[in-house]
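Please read the structure below before turning to the comments.
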Amino acid sequence: MELYVGIDVAKELLEVATSSGESFSARNHDAGRAQLIERLLKLSPALVVLEASGGYEQALLVELVAANIHCARVNPTDVRYFARMQRQFAKTDRLDAKLLVAFAEHRATDLIPARLDPERDELKLLVNRRTQLLRMLTAERNRLAQAPKWLRKSIGRTIGALERELGTIDHQIAQRVNASARLKPLQQQLTSVPGVGPGLSNMLLACLPELGQLNRREIAALVGVAPFSQKSGRWQGHESIFGGRASVRSVLYMATLSAVSCNPTVCVFYRRLRQSGKPAKVALTAAMRKLLTVLNVMLKTQTSWRPPCTIAV
C-alpha cells in the first residue's frame with residue numbers, strides 16, 4: 001500500500017504523521033529538517049502534504065523538493081472544510097498532522113506537486129515587500145492628513161524614507177525581471193495590453209504562475225473573480241465572488257479601473273453591462289474577469305495584444 005505523510009508546520013516544531021499510524025516530531029531548523037528528510041527517504045512516501053503556514057513551511061518544502069520527495073502544499077481552508085466533513089472539530093498539532101494524512105489519501109490525484117522556481121520565489125518576496133511598503137505609505141499619508149502641524153515633520157520624514165525604499169524595491173524588481181530570459185518575454189506580453197502596467201504584470205508573474213495554464217473558469221476562481229450562484233428552490237440570491245488570491249485581485253482591480261478607460265475591449269464590455277442596468281461594482285468585477293481572461297489566453301497561445309478590428313457603420 002502507498003504511504004502518505006502529513007506534516008503540521010509551526011515556527012519551531014514539525015509534527016509528522018503517516019498513513020501507517022506512525023507519529024513523531026522534528027525541530028523546524030536546519031538540523032531537524034535534515035533528520036526528517038533522511039527519515040522520509042527511508043519511508044519512501046507516495047506523497048507528503050503540508051499546509052501553507054505563513055512562510056514557516058517554505059524551507060521544508062524546498063528541501064523536500066530538492067530531495068526528490070513527492071510533496072504538495074495545500075490551502076488551510078480546504079483542510080478545514082475537509083475536517084468538518086470528517087466531523088473533526090478538535091484541533092491539536094498531532095490531530096492536524098493526522099488530518100493531513102487523510103486529506104492526502106482522499107485528494108492525492110488532485111493535488112498539484114510542489115516545484116522549485118527560484119526566479120519566481122525571489123520575485124514574489126520582492127513583490128510582497130512592495131505591497132507591505134505601499135500599505136505603510138498609505139497609513140502614514142492618512143496620519144499626515146489628520147496630524148497637528150508640530151507632528152507633520154516626523155510623519156513626513158517617515159513618508160520620505162518609505163518612498164525611497166519603495167523606489168529601491170521597484171528597481172530590484174525591474175532588474176530581476178529584465179535579467180530573466182523566461183520572465184522578461186512574459187512581462188512584455190502582459191504589458192502590451194492597454195491598462196496593464198509593471199505593477200500588475202509583476203504581481204501576476206510572481207503570485208499567479210498558473211496564468212496561461214488553466215481555462216478561463218479555473219483562473220477566475222483562483223483569483224477570486226468568478227461569480228458563484230446562490231439559489232435554492234424559489235429563492236434566488238445574488239451571485240457573488242468568493243475566496244481567491246486577494247493580493248492579485250486588489251492589483252487587478254486597480255488595473256481594471258484604468259482599462260475601462262483605455263482598453264477598447266474592456267471598455268466596450270464594461271459600458272455594455274452598465275447600459276444593460278448592471279450596478280457599477282458588478283460591471284467592474286465582470287471587467288476584471290474579462291481582463292484576466294484576455295491575459296490568460298494571451299499567455300496560453302503565446303501571443304501579444306491585438307486591438308479589436310474597427311467595424312465601419
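Chain labels run A, B, ... following the order of the C-alpha cells; each chain numbers its residues from 1, and ligands are numbered from 1 in the order shown.
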Give one line per residue of range 102-156 of chain A that approaches range 188-204 of chain A to at most 9 Å, naming the two atoms of the closest pair and their distance in Å to one decimal, counting only C-alpha atoms; sort by chain then ascending residue number and deliver it as a Markdown table.
```
| residue | atom | partner | partner_atom | distance |
| --- | --- | --- | --- | --- |
| A:Leu123 | CA | A:Asn202 | CA | 8.0 |
| A:Lys124 | CA | A:Met203 | CA | 7.7 |
| A:Val127 | CA | A:Met203 | CA | 6.5 |
| A:Asn128 | CA | A:Met203 | CA | 8.7 |
```
*Name the residues of range 106-279 of chain A that come out as helix (DSSP H, G or I) in a backbone DSSP run; write them as a PyMOL selection string.*
chain A and resi 106-107+118-146+149-179+183-191+198-207+216-223+246-262+264-275
_Show me, as a ChimeraX atom specification, the residues that have an atom within 8 Å of range 262-276 of chain A when counting only C-alpha atoms, minus same-chain residues fewer than 6 positions from it._
/A:193-195,283-284,286-287,290-291,307-308
*Nearby residues (only C-alpha atoms) at most 6 Å from range 84-98 of chain A, same-chain spacing under 6 positions excluded, as a ChimeraX atom specification*: /A:6-8,16-17
For the residues in that selection, give me N, CA and C atoms as a PDB file, in the first residue's frame.
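Contents of the output file selection_23.pdb:
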```pdb
ATOM      1  N   GLY A   6       1.617  13.371   6.495  1.00  0.00           N
ATOM      2  CA  GLY A   6       1.130  14.716   6.749  1.00  0.00           C
ATOM      3  C   GLY A   6       2.038  15.400   7.758  1.00  0.00           C
ATOM      4  N   ILE A   7       2.381  16.665   7.503  1.00  0.00           N
ATOM      5  CA  ILE A   7       3.270  17.413   8.380  1.00  0.00           C
ATOM      6  C   ILE A   7       2.586  18.713   8.780  1.00  0.00           C
ATOM      7  N   ASP A   8       2.348  18.871  10.072  1.00  0.00           N
ATOM      8  CA  ASP A   8       1.822  20.132  10.595  1.00  0.00           C
ATOM      9  C   ASP A   8       3.019  21.015  10.947  1.00  0.00           C
ATOM     10  N   VAL A  16       4.662  15.194  12.609  1.00  0.00           N
ATOM     11  CA  VAL A  16       4.577  14.321  11.445  1.00  0.00           C
ATOM     12  C   VAL A  16       3.687  13.118  11.763  1.00  0.00           C
ATOM     13  N   ALA A  17       2.837  12.757  10.811  1.00  0.00           N
ATOM     14  CA  ALA A  17       2.012  11.552  10.918  1.00  0.00           C
ATOM     15  C   ALA A  17       2.050  10.823   9.584  1.00  0.00           C
TER      16      ALA A  17
END
```
*asked:* For Ser25 in chain A, find every residue with an atom within 9 Å (counting only C-alpha atoms), except residues of its own chain fewer than 2 positions away, and show them as a PyMOL selection string.
replied: chain A and resi 13-17+23+27+36
*Residues of range 48-183 of chain A in strand (DSSP E) according to DSSP, as a VMD selection string?*
chain A and resid 48 to 51 71 to 74
Next, write the just-selected residues to a file, as a compact mmCIF listing (two decimals), in the first residue's frame, keeping C-alpha atoms as the atom set.
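Result file result_34.txt:
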```
# COMPACT_ATOMS: atom_id res chain seq x y z
CA VAL A 48 3.94 14.33 1.67
CA VAL A 49 1.35 17.03 2.40
CA LEU A 50 1.81 20.20 4.44
CA GLU A 51 -0.28 23.33 4.85
CA CYS A 71 5.15 16.72 -1.85
CA ALA A 72 2.34 19.27 -2.04
CA ARG A 73 1.47 22.47 -0.19
CA VAL A 74 -2.27 22.75 0.40
```
*Which residues, written as a PyMOL selection string, have at least one atom at most 9 Å from Arg141 in chain A, with only C-alpha atoms counted and residues fewer than 5 positions away on the same chain left out?*
chain A and resi 136+155-156+159
